[in-house]
Amino acid sequence: MAYLGLLAGLALLIYLALRGVNIFFASLLCGLIVALSNGLPVTDAVFQHYAVGPLGTFSFAGKFFLLFIAGAIFGRVMGESKAASSIALAMIDRLGSDRALWITVISCALLTYGGVVVFVVIFAMYPLGLSLLKRADIPKRLFCAALALGAGTFTLTALPGTPSIQNVIPSVSLGTDLFAAPGLGLLGGAIMFVLGIVYLERQRKLAKANGEGFEPGPMDKVENMVASDDMPSWQMALVPLAFVLGTILLPRLSMSLGVAPETGTIAQIIQFASAQPIFWPSLALVLGSILACGLFPTIRQKSLSLFGEGTNDAIMPLLNTAAVIGFGGIVVQTIGFQDFSSVMLNSGLPPKVSAFASVSVVSAITGSASGGLQIFMSTMAEPYLAMGIPADELHRLMAMASGGFDTLPHCGAVVAMLTITQLSHKQAYKDVAVITLVIPVIATLVCLAVSMVI
């Protein structure tokens, strides 16, 4: 009954997400099914594990609310000021409108590999992406897929040295460094990037042939992609974006390059920023928004209104994402989930294959790569090391494996991205799934096979 309830709750949540049912209601309903079938007290499941537990809805919302609000405000300001349109026009004039998806992927990859949180990348890129898509007449669903490829695949799990949480978790648990198994990481990253770009380009050409083009969402503020007197120059439009990204990256770059002072006020600021992966980017986005309001006269008089509208834009993405995380908070408390590790460890499969399956299933159930990886490293890593898997290979393979089945329809990041871009699962999930699920799994299996024969 415990296993059936777990599977039924997960299957129902995926079904309801695909049907467009309110994700907050769906996650709570499915969480109750899981709790009842596994003998969890309903009050504990709802008011503790779902609401305020380590993976609770309001624990997540409380942790990330400032980041979501700051990101949405920045996106609103860049869109209303026509700064995003100005940048997009300049990029298209130099690279061509057919390269809009390439521009998105590479930009997102550089940001996330530099340590920018995925949610920040989504908010920062969205106003620019809208302008690129309108000019190139590319469907928004492909922007979601390009965003996912650049920000949520090879830069998070595969490339050696990435500061992502998916790379940090195994490093802390196994005592490896962030460059563990670099050959496997580069191979996996190359496969994800190449297959992803090939898929995106193929879909772009098919969409063009079928007459499918750009359609803005009901809340999208997209100006006509034509230069006008009230549009800032692209150089001026880049200033707030460069300020935000520079502020976020400066502490990390200073420490990694060894140029940060050891004492003094600047050293304290750098140490504070490095220890604040959520607050520091949020502060950068707020300051960037203030800077934009000062630079662009067209929005100066209505800056407070734009800040309020941006705050409203953030509410639903934050709550929808948090609701899915809350479902995972109930799941990890169940008997079925706790028994899963012992079943996998005694499955009789080759150790690396068993480990891949373990991480994939845990990440799928929780809808979180970092959550699945954290649970695996805390409960199952030691037995697999004892089976003879080298620590550096376990690090890299499990990091990549966590970034596959985590992006089923109930994944919090997927829900957030679709909510922010005002698309439904029916409209965009197929392309996102190919990019974030199918291709990463293929890349991980190839790397796993290579590691078993060399």
# chains A, B, ... in the order shown; residues from 1 in each chain; ligands from 1
$ select_by_dssp --residues "segment 32-118 of chain A" --states "alpha helix (DSSP H)" --output "PyMOL selection string"
chain A and resi 32-37+42-44+57-80+83-95+100-113+118
$ closest_residue --among "A:Met377, A:Met344, A:Ile365, A:Val359" --to "Val332 of chain A" --atoms "only C-alpha atoms"
A:Ile365
$ closest_residue --among "A:Pro160, A:Gly183, A:Gly152, A:Pro351" --to "Gly196 of chain A" --atoms "only C-alpha atoms"
A:Gly152
$ closest_residue --among "A:Leu186, A:Leu418, A:Ala355, A:Ala8" --to "Met387 of chain A" --atoms "only C-alpha atoms"
A:Ala355
$ atom_distance --atom1 "atom CA of Val194 of chain A" --atom2 "atom CA of Val415 of chain A"
25.3 Å
$ closest_residue --among "A:Glu201, A:Thr112, A:Met125, A:Ala84" --to "Ile248 of chain A" --atoms "only C-alpha atoms"
A:Thr112
$ atom_distance --atom1 "atom CA of Ser164 of chain A" --atom2 "atom CA of Met400 of chain A"
11.9 Å
$ closest_atom_pairs --of "segment 146-243 of chain A" --to "segment 423-429 of chain A" --cutoff "12 Å" --atoms "only C-alpha atoms" --output "CSV"
residue,atom,partner,partner_atom,distance
A:Ala146,CA,A:Ala428,CA,11.3
A:Leu147,CA,A:Ala428,CA,11.9
A:Ala148,CA,A:Tyr429,CA,10.9
A:Glu215,CA,A:Leu423,CA,10.6
A:Pro216,CA,A:Leu423,CA,9.8
A:Gly217,CA,A:Leu423,CA,7.6
A:Pro218,CA,A:Leu423,CA,10.2
A:Met219,CA,A:Leu423,CA,11.2
A:Asp220,CA,A:Leu423,CA,11.3
$ write_last_selection --atoms "N, CA and C atoms" --output "compact mmCIF listing (two decimals), in the first residue's frame"
# COMPACT_ATOMS: atom_id res chain seq x y z
N ALA A 146 15.31 26.57 -24.88
CA ALA A 146 16.66 27.14 -24.95
C ALA A 146 17.12 27.62 -23.59
N LEU A 147 16.23 28.22 -22.84
CA LEU A 147 16.54 28.66 -21.49
C LEU A 147 16.92 27.46 -20.62
N ALA A 148 16.17 26.37 -20.75
CA ALA A 148 16.45 25.17 -19.97
C ALA A 148 17.78 24.54 -20.37
N GLU A 215 3.92 34.45 -30.11
CA GLU A 215 2.66 34.96 -29.57
C GLU A 215 2.91 35.34 -28.12
N PRO A 216 2.78 36.63 -27.77
CA PRO A 216 3.04 37.04 -26.38
C PRO A 216 1.95 36.55 -25.44
N GLY A 217 2.33 36.38 -24.16
CA GLY A 217 1.36 36.00 -23.16
C GLY A 217 0.54 37.21 -22.72
N PRO A 218 -0.53 36.97 -21.94
CA PRO A 218 -1.41 38.07 -21.54
C PRO A 218 -0.74 39.14 -20.69
N MET A 219 0.34 38.79 -19.99
CA MET A 219 1.02 39.75 -19.12
C MET A 219 2.34 40.25 -19.71
N ASP A 220 2.68 39.78 -20.90
CA ASP A 220 3.95 40.18 -21.52
C ASP A 220 3.87 41.61 -22.02
$ residues_around --residues "Thr311 of chain A" --least-positions-apart "5" --cutoff "8 Å" --atoms "only C-alpha atoms" --output "JSON, numbers by chain"
{"A": [69, 70, 72, 73]}
$ atom_distance --atom1 "atom CA of Glu212 of chain A" --atom2 "atom CA of Asp137 of chain A"
8.3 Å
$ closest_atom_pairs --of "segment 305-350 of chain A" --to "segment 74-79 of chain A" --cutoff "10 Å" --atoms "only C-alpha atoms" --output "tab-separated table"
residue	atom	partner	partner_atom	distance
A:Leu306	CA	A:Val77	CA	6.5
A:Phe307	CA	A:Val77	CA	7.8
A:Gly308	CA	A:Arg76	CA	9.8
A:Glu309	CA	A:Arg76	CA	7.5
A:Gly310	CA	A:Arg76	CA	5.6
A:Thr311	CA	A:Arg76	CA	9.3
A:Asp313	CA	A:Arg76	CA	8.5
$ closest_residue --among "A:Ser81, A:Gly404, A:Ala2, A:Arg99" --to "Gly294 of chain A" --atoms "only C-alpha atoms"
A:Ser81
$ residues_around --residues "Met1 of chain A" --least-positions-apart "5" --cutoff "9 Å" --atoms "only C-alpha atoms" --output "list in words"
Leu6, Ser37, Asn38 and Gly336 of chain A
$ closest_residue --among "A:Met316, A:Pro409, A:Ile435, A:Ala88" --to "Leu12 of chain A" --atoms "only C-alpha atoms"
A:Pro409
$ decode --residues "segment 402-424 of chain A" --atoms "C-alpha atoms" --output "CSV table (one decimal), in the first residue's frame"
chain,number,residue,atom,x,y,z
A,402,SER,CA,20.3,13.9,-10.8
A,403,GLY,CA,19.7,16.3,-13.7
A,404,GLY,CA,17.6,13.9,-15.7
A,405,PHE,CA,14.4,12.6,-14.3
A,406,ASP,CA,14.1,15.5,-11.8
A,407,THR,CA,12.4,17.5,-14.6
A,408,LEU,CA,9.2,15.5,-14.7
A,409,PRO,CA,6.1,17.8,-15.0
A,410,HIS,CA,5.9,18.4,-11.2
A,411,CYS,CA,9.5,19.7,-11.0
A,412,GLY,CA,9.6,23.0,-9.2
A,413,ALA,CA,12.0,24.7,-11.6
A,414,VAL,CA,9.9,23.6,-14.6
A,415,VAL,CA,6.7,24.9,-12.9
A,416,ALA,CA,8.4,28.2,-12.1
A,417,MET,CA,9.7,28.6,-15.7
A,418,LEU,CA,6.4,27.9,-17.3
A,419,THR,CA,4.6,30.2,-14.8
A,420,ILE,CA,7.0,33.0,-15.5
A,421,THR,CA,6.8,32.6,-19.2
A,422,GLN,CA,3.0,32.2,-19.1
A,423,LEU,CA,2.9,28.9,-20.8
A,424,SER,CA,1.2,25.7,-19.9
